[in-house]
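Shown next: query-v9.txt, given as compact mmCIF, C-alpha atoms.
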# COMPACT_ATOMS: atom_id res chain seq x y z
CA MET E 54 0.00 0.00 0.00
CA LYS E 55 1.23 3.47 -0.84
CA ARG E 56 1.30 6.09 1.88
CA PHE E 57 -1.83 8.21 1.55
CA TRP E 58 -1.69 10.34 4.71
CA LYS E 59 0.26 13.37 5.81
CA GLU E 60 -0.62 13.77 9.47
CA VAL E 61 -0.60 11.09 12.18
CA ARG E 62 -1.99 11.81 15.64
CA THR E 63 -3.83 10.06 18.45
CA ALA E 64 -7.09 10.74 20.23
CA THR E 65 -8.25 9.35 23.56
CA GLU E 66 -11.94 8.96 24.30
CA ALA E 67 -13.97 7.19 26.97
CA ASP E 68 -13.79 3.83 25.18
CA GLY E 69 -10.05 3.91 24.41
CA SER E 70 -7.39 5.51 22.24
CA ARG E 71 -7.27 5.72 18.46
CA VAL E 72 -4.69 6.46 15.79
CA LEU E 73 -5.85 9.04 13.27
CA LEU E 74 -4.49 9.47 9.75
CA ASP E 75 -5.42 12.92 8.47
CA GLY E 76 -8.17 12.87 11.08
CA ARG E 77 -9.59 9.48 10.09
CA PRO E 78 -9.34 6.54 12.51
CA VAL E 79 -7.27 3.52 11.52
CA THR E 80 -9.19 0.26 11.17
CA THR E 81 -8.03 -3.36 11.30
CA PRO E 82 -7.94 -5.67 8.25
CA ALA E 83 -11.36 -6.94 9.37
CA LYS E 84 -12.60 -3.32 9.37
CA ARG E 85 -12.89 -3.10 13.14
CA PRO E 86 -11.90 0.20 14.76
CA LEU E 87 -8.28 0.03 15.94
CA LEU E 88 -9.28 0.89 19.49
CA LEU E 89 -6.33 0.66 21.87
CA PRO E 90 -6.47 0.27 25.65
CA THR E 91 -3.92 2.95 26.61
CA PRO E 92 -2.72 6.30 25.23
CA ALA E 93 0.87 5.03 25.45
CA LEU E 94 0.10 2.12 23.13
CA ALA E 95 -1.70 4.44 20.72
CA GLU E 96 1.35 6.72 20.64
CA ALA E 97 3.64 3.75 19.95
CA VAL E 98 1.42 2.50 17.12
CA ALA E 99 1.11 6.03 15.73
CA ALA E 100 4.91 6.28 15.69
CA GLU E 101 5.04 3.24 13.38
CA TRP E 102 2.62 4.90 10.94
CA ALA E 103 4.51 8.20 11.12
CA ALA E 104 7.82 6.42 10.39
CA SER E 105 6.43 4.69 7.30
CA GLY E 106 7.99 5.61 3.98
CA GLU E 107 6.19 5.95 0.69
CA GLN E 108 5.33 2.24 0.81
CA LEU E 109 3.48 0.83 3.81
CA ARG E 110 5.39 -2.28 4.96
CA PRO E 111 3.53 -4.30 7.62
CA ASP E 112 6.69 -6.17 8.66
CA GLU E 113 8.10 -2.82 9.82
CA MET E 114 5.01 -2.18 11.99
CA PRO E 115 5.04 -5.03 14.54
CA LEU E 116 2.92 -3.28 17.17
CA THR E 117 0.26 -2.42 14.62
CA GLN E 118 0.18 -6.04 13.49
CA LEU E 119 -0.12 -7.34 17.03
CA CYS E 120 -2.91 -4.91 17.90
CA CYS E 121 -4.85 -5.88 14.77
CA THR E 122 -4.37 -9.52 15.69
CA ALA E 123 -5.69 -8.85 19.18
CA LEU E 124 -8.90 -7.32 17.85
CA ASP E 125 -9.51 -9.46 14.76
CA LEU E 126 -8.30 -12.89 15.87
CA THR E 127 -7.74 -13.08 19.63
CA LEU E 128 -10.82 -11.29 20.92
CA PRO E 129 -13.32 -13.69 19.27
CA ARG E 130 -11.29 -16.79 20.26
CA GLU E 131 -9.81 -16.14 23.70
CA PRO E 132 -10.79 -19.49 25.30
CA ALA E 133 -9.42 -21.51 22.36
CA ILE E 134 -6.16 -19.54 22.35
CA ARG E 135 -5.71 -20.05 26.08
CA ALA E 136 -6.21 -23.77 25.57
CA GLN E 137 -3.64 -23.84 22.77
CA LEU E 138 -1.09 -22.03 24.91
CA ALA E 139 -1.78 -24.20 27.95
CA ALA E 140 -1.03 -27.27 25.82
CA TYR E 141 2.59 -26.12 25.52
CA GLY E 142 2.99 -26.92 29.22
CA GLY E 143 2.70 -30.64 28.54
CA THR E 144 5.70 -30.64 26.18
CA ASP E 145 7.52 -27.49 27.27
CA LEU E 146 10.92 -26.93 25.67
CA LEU E 147 12.56 -26.44 29.07
CA CYS E 148 11.58 -29.97 30.11
CA HIS E 149 13.35 -31.73 27.23
CA TRP E 150 17.07 -31.84 27.80
CA ALA E 151 19.88 -33.33 25.76
CA GLU E 152 21.49 -36.59 26.80
CA ARG E 153 24.88 -35.40 25.55
CA PRO E 154 27.32 -33.80 25.05
CA GLN E 155 27.90 -32.87 28.65
CA ALA E 156 28.77 -29.28 27.76
CA LEU E 157 25.30 -28.78 26.30
CA VAL E 158 23.63 -30.45 29.29
CA GLU E 159 25.52 -28.11 31.60
CA ARG E 160 24.30 -25.10 29.62
CA GLN E 161 20.74 -26.34 29.92
CA GLU E 162 21.23 -26.79 33.64
CA ARG E 163 22.42 -23.19 34.01
CA GLY E 164 19.90 -21.66 31.65
CA TRP E 165 16.76 -23.72 32.19
CA ARG E 166 16.83 -24.99 35.76
CA PRO E 167 16.29 -21.54 37.35
CA LEU E 168 13.23 -20.96 35.17
CA LEU E 169 11.76 -24.35 36.06
CA GLU E 170 12.27 -23.51 39.73
CA TRP E 171 10.70 -20.08 39.19
CA ALA E 172 7.60 -21.60 37.60
CA ALA E 173 7.28 -24.12 40.43
CA ALA E 174 7.42 -21.33 43.03
CA ARG E 175 5.40 -18.72 41.12
CA TYR E 176 2.54 -20.88 39.91
CA GLY E 177 2.80 -23.97 42.09
CA ALA E 178 3.60 -25.84 38.88
CA PRO E 179 6.65 -28.11 39.18
CA LEU E 180 7.35 -29.87 35.90
CA ALA E 181 9.25 -33.09 35.27
CA VAL E 182 12.36 -33.11 33.09
CA THR E 183 13.32 -35.80 30.60
CA ALA E 184 16.38 -36.47 28.45
CA GLY E 185 16.64 -37.25 24.78
CA LEU E 186 13.50 -38.27 22.89
CA MET E 187 11.75 -39.82 25.87
CA ALA E 188 8.27 -38.51 26.59
CA VAL E 189 7.41 -37.33 30.07
CA GLU E 190 4.01 -37.05 31.70
CA GLN E 191 3.57 -33.82 33.59
CA PRO E 192 1.66 -33.57 36.89
CA PRO E 193 -1.97 -32.71 36.05
CA GLU E 194 -2.14 -30.21 38.90
CA SER E 195 0.87 -28.35 37.46
CA LEU E 196 -0.75 -28.13 34.03
CA GLU E 197 -3.96 -26.91 35.64
CA ALA E 198 -2.04 -24.22 37.52
CA LEU E 199 -0.37 -23.00 34.36
CA ALA E 200 -3.69 -22.95 32.52
CA ALA E 201 -5.23 -20.96 35.37
CA ALA E 202 -2.45 -18.37 35.08
CA LEU E 203 -3.55 -17.65 31.51
CA GLU E 204 -6.98 -16.50 32.68
CA ASP E 205 -5.43 -13.20 33.80
CA TYR E 206 -4.52 -12.29 30.21
CA GLY E 207 -7.06 -10.31 28.19
CA ASP E 208 -7.10 -9.83 24.42
CA PHE E 209 -4.02 -7.60 23.95
CA ALA E 210 -1.91 -9.27 26.65
CA LEU E 211 -2.98 -12.70 25.44
CA THR E 212 -1.92 -11.81 21.90
CA ALA E 213 1.50 -10.75 23.17
CA LEU E 214 1.83 -13.88 25.29
CA ALA E 215 0.86 -16.09 22.36
CA GLN E 216 3.63 -14.57 20.26
CA LEU E 217 6.13 -15.03 23.09
CA VAL E 218 5.17 -18.68 23.53
CA GLN E 219 5.10 -19.51 19.83
CA ALA E 220 8.39 -17.73 19.11
CA SER E 221 10.20 -19.40 22.01
CA GLY E 222 8.45 -22.78 21.88
CA SER E 223 7.89 -22.59 25.62
CA LEU E 224 4.98 -21.58 27.82
CA LEU E 225 7.37 -21.02 30.72
CA LEU E 226 9.59 -18.69 28.71
CA GLY E 227 6.55 -16.75 27.49
CA LEU E 228 5.22 -16.32 31.02
CA ALA E 229 8.67 -15.40 32.33
CA VAL E 230 8.97 -12.55 29.82
CA ALA E 231 5.38 -11.44 30.39
CA GLU E 232 5.98 -11.21 34.14
CA GLY E 233 9.35 -9.51 33.83
CA ARG E 234 11.33 -12.47 35.15
CA ILE E 235 13.55 -12.43 32.06
CA THR E 236 14.09 -10.15 29.08
CA PRO E 237 13.24 -11.00 25.47
CA GLU E 238 16.96 -11.40 24.84
CA GLU E 239 17.26 -13.90 27.68
CA ALA E 240 14.22 -15.79 26.40
CA PHE E 241 15.81 -15.92 22.97
CA GLU E 242 19.06 -17.27 24.41
CA ALA E 243 17.19 -19.93 26.36
CA SER E 244 14.99 -20.99 23.45
CA GLU E 245 17.93 -21.11 21.04
CA LEU E 246 20.37 -22.69 23.47
CA ASP E 247 20.76 -25.90 21.48
CA ALA E 248 20.92 -24.10 18.12
CA THR E 249 23.56 -21.71 19.46
CA PHE E 250 25.62 -24.65 20.71
CA GLN E 251 25.45 -26.30 17.28
CA MET E 252 26.39 -23.07 15.50
CA GLU E 253 29.44 -22.70 17.71
CA LEU E 254 30.52 -26.21 16.67
CA TRP E 255 29.71 -26.13 12.96
CA GLY E 256 29.58 -22.47 12.00
CA GLU E 257 26.90 -19.96 11.10
CA ASP E 258 24.36 -20.23 8.31
CA GLU E 259 22.79 -17.07 6.87
CA GLU E 260 19.33 -18.60 6.65
CA ALA E 261 19.54 -19.68 10.28
CA LEU E 262 20.79 -16.25 11.32
CA ALA E 263 17.85 -14.60 9.54
CA ARG E 264 15.45 -16.92 11.36
CA ARG E 265 17.07 -16.08 14.68
CA ARG E 266 16.82 -12.33 14.01
CA ALA E 267 13.13 -12.73 13.22
CA LEU E 268 12.54 -14.70 16.43
CA LEU E 269 14.23 -12.06 18.55
CA ALA E 270 12.22 -9.33 16.82
CA ASP E 271 8.98 -11.20 17.55
CA LEU E 272 9.90 -11.63 21.22
CA THR E 273 10.87 -7.98 21.55
CA ALA E 274 7.68 -6.70 19.88
CA ALA E 275 5.48 -8.90 22.08
CA GLN E 276 7.20 -7.72 25.25
CA ARG E 277 6.85 -4.12 24.08
CA LEU E 278 3.12 -4.58 23.62
CA LEU E 279 2.84 -5.88 27.17
Could I get this file's structure written as structure tokens?
Amino acid sequence: MKRFWKEVRTATEADGSRVLLDGRPVTTPAKRPLLLPTPALAEAVAAEWAASGEQLRPDEMPLTQLCCTALDLTLPREPAIRAQLAAYGGTDLLCHWAERPQALVERQERGWRPLLEWAAARYGAPLAVTAGLMAVEQPPESLEALAAALEDYGDFALTALAQLVQASGSLLLGLAVAEGRITPEEAFEASELDATFQMELWGEDEEALARRRALLADLTAAQRLL
């Protein structure tokens, strides 16, 4: 889409904040009003529109994309999305460790064990750890506790959490970023721990590096929305 506006500003009303292009409110792809819960978020989204060049590039507007997702996709499907995210707890990345080499196992111990302990203390949700390809059955009460924690997330926060979980492959990492326990960069390091280890052994690949940059950008945008 070509840029068609000159002025970008925000307006806050009783029902929320809007982004205005030449005085007209922005709408989502589904033609819903882009109604945002805080003036600060509206200002951040407006800054993306103001920074746009002659061509509108959605991949350069991550907050706008997330907010549209919250209104068009998350809001009508909140229970289903919570169920999908809760399912990550049963096969969480942090519970599946390598059998070898020992150097990698030691990295997992340093990087993942504190987060498992945090989740056990924060949510009352201790999770079992397995090695290699072996499956592990998690305590039902732990999975229920993690699912219950998701009930506190409304449409915008749930959208951000979903991106955190999907980008990292871990419900625990997503919750840890959402609650400020770790940064997006730390979540990226934890989620890519094995890949980083392999790259150190065998060298870098440009396609893999591009994927890693995209993952970090997704984690950062989601945390910014929160």
List the neighbours of Gly233 of chain E out to 12 Å using all atoms listed in the file; skip same-chain residues closer than 4 positions along the sequence, and give me the result as a PyMOL selection string. chain E and resi 171+226-229+237-240+276-277+279
Env of Pro86 of chain E: 12 Å cut, atoms = all atoms listed in the file, seq-sep filter 3 positions within chain, self excluded. Answer as a PyMOL selection string. chain E and resi 68-73+77-83+89+120-121+123-125
Ranking E:Pro115, E:Pro179, E:Gly142, E:Pro192 by minimum distance to Gln216 of chain E and counting only C-alpha atoms, which one comes first?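 Result for the nearest residue to Gln216 of chain E: E:Pro115.
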One decimal place gives the atom CA of Gly106 of chain E-atom CA of Arg56 of chain E separation as 7.0 Å
For a quick check of understanding, using only C-alpha atoms, which of E:Gln108, E:Ser223, E:Thr144, E:Gln155 has the smallest distance to Ala188 of chain E?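 Among E:Gln108, E:Ser223, E:Thr144, E:Gln155, it is E:Thr144 that comes nearest to Ala188 of chain E.
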Counting only C-alpha atoms, the option among E:Ala243, E:Leu126, E:Val182, E:Ala139 closest to Ala151 of chain E: E:Val182
Around (2.1, 3.2, -0.6) in the file's own coordinates, what residues are found within 12 Å if you use all atoms listed in the file, given back as a ChimeraX atom specification? /E:54-58,102,105-111
Minimum-distance residue to Leu74 of chain E, chosen among E:Glu101, E:Asp258, E:Glu197, E:Glu60 (using all atoms listed in the file):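 Once distances to Leu74 of chain E are computed over all atoms listed in the file, the minimum belongs to E:Glu60.
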Using only C-alpha atoms: which of E:Ser195, E:Leu119, E:Asp112, E:Ala248 has the shortest distance to Val98 of chain E: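 Among E:Ser195, E:Leu119, E:Asp112, E:Ala248, it is E:Leu119 that comes nearest to Val98 of chain E.
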Starting from the incomplete input, reconstruct N, CA and C atoms of segment 114-135 of chain E and write that as an mmCIF file, keeping the file's coordinate frame.
data_model
loop_
_atom_site.group_PDB
_atom_site.id
_atom_site.type_symbol
_atom_site.label_atom_id
_atom_site.label_comp_id
_atom_site.auth_asym_id
_atom_site.auth_seq_id
_atom_site.Cartn_x
_atom_site.Cartn_y
_atom_site.Cartn_z
ATOM 1 N N MET E 114 5.998 -2.741 11.068
ATOM 2 C CA MET E 114 5.010 -2.180 11.990
ATOM 3 C C MET E 114 4.519 -3.282 12.936
ATOM 4 N N PRO E 115 5.416 -3.847 13.736
ATOM 5 C CA PRO E 115 5.040 -5.030 14.540
ATOM 6 C C PRO E 115 3.958 -4.751 15.571
ATOM 7 N N LEU E 116 3.955 -3.572 16.195
ATOM 8 C CA LEU E 116 2.920 -3.280 17.170
ATOM 9 C C LEU E 116 1.552 -3.155 16.515
ATOM 10 N N THR E 117 1.521 -2.524 15.354
ATOM 11 C CA THR E 117 0.260 -2.420 14.620
ATOM 12 C C THR E 117 -0.272 -3.798 14.281
ATOM 13 N N GLN E 118 0.611 -4.676 13.823
ATOM 14 C CA GLN E 118 0.180 -6.040 13.490
ATOM 15 C C GLN E 118 -0.368 -6.774 14.708
ATOM 16 N N LEU E 119 0.325 -6.654 15.829
ATOM 17 C CA LEU E 119 -0.120 -7.340 17.030
ATOM 18 C C LEU E 119 -1.470 -6.804 17.517
ATOM 19 N N CYS E 120 -1.650 -5.496 17.445
ATOM 20 C CA CYS E 120 -2.910 -4.910 17.900
ATOM 21 C C CYS E 120 -4.066 -5.327 16.985
ATOM 22 N N CYS E 121 -3.814 -5.389 15.687
ATOM 23 C CA CYS E 121 -4.850 -5.880 14.770
ATOM 24 C C CYS E 121 -5.173 -7.342 15.047
ATOM 25 N N THR E 122 -4.157 -8.123 15.343
ATOM 26 C CA THR E 122 -4.370 -9.520 15.690
ATOM 27 C C THR E 122 -5.218 -9.649 16.950
ATOM 28 N N ALA E 123 -4.936 -8.805 17.935
ATOM 29 C CA ALA E 123 -5.690 -8.850 19.180
ATOM 30 C C ALA E 123 -7.175 -8.622 18.942
ATOM 31 N N LEU E 124 -7.497 -7.671 18.074
ATOM 32 C CA LEU E 124 -8.900 -7.320 17.850
ATOM 33 C C LEU E 124 -9.590 -8.242 16.851
ATOM 34 N N ASP E 125 -8.882 -8.652 15.807
ATOM 35 C CA ASP E 125 -9.510 -9.460 14.760
ATOM 36 C C ASP E 125 -9.517 -10.954 15.061
ATOM 37 N N LEU E 126 -8.458 -11.444 15.706
ATOM 38 C CA LEU E 126 -8.300 -12.890 15.870
ATOM 39 C C LEU E 126 -8.397 -13.355 17.319
ATOM 40 N N THR E 127 -7.763 -12.617 18.236
ATOM 41 C CA THR E 127 -7.740 -13.080 19.630
ATOM 42 C C THR E 127 -9.082 -12.841 20.315
ATOM 43 N N LEU E 128 -9.607 -11.654 20.199
ATOM 44 C CA LEU E 128 -10.820 -11.290 20.920
ATOM 45 C C LEU E 128 -11.966 -12.282 20.704
ATOM 46 N N PRO E 129 -12.219 -12.734 19.465
ATOM 47 C CA PRO E 129 -13.320 -13.690 19.270
ATOM 48 C C PRO E 129 -12.982 -15.124 19.714
ATOM 49 N N ARG E 130 -11.697 -15.399 20.034
ATOM 50 C CA ARG E 130 -11.290 -16.790 20.260
ATOM 51 C C ARG E 130 -10.466 -16.961 21.542
ATOM 52 N N GLU E 131 -10.667 -16.105 22.511
ATOM 53 C CA GLU E 131 -9.810 -16.140 23.700
ATOM 54 C C GLU E 131 -9.756 -17.513 24.376
ATOM 55 N N PRO E 132 -10.878 -18.181 24.633
ATOM 56 C CA PRO E 132 -10.790 -19.490 25.300
ATOM 57 C C PRO E 132 -9.980 -20.508 24.507
ATOM 58 N N ALA E 133 -10.159 -20.546 23.192
ATOM 59 C CA ALA E 133 -9.420 -21.510 22.360
ATOM 60 C C ALA E 133 -7.930 -21.194 22.372
ATOM 61 N N ILE E 134 -7.585 -19.916 22.349
ATOM 62 C CA ILE E 134 -6.160 -19.540 22.350
ATOM 63 C C ILE E 134 -5.533 -19.886 23.683
ATOM 64 N N ARG E 135 -6.244 -19.659 24.768
ATOM 65 C CA ARG E 135 -5.710 -20.050 26.080
ATOM 66 C C ARG E 135 -5.466 -21.555 26.131
#
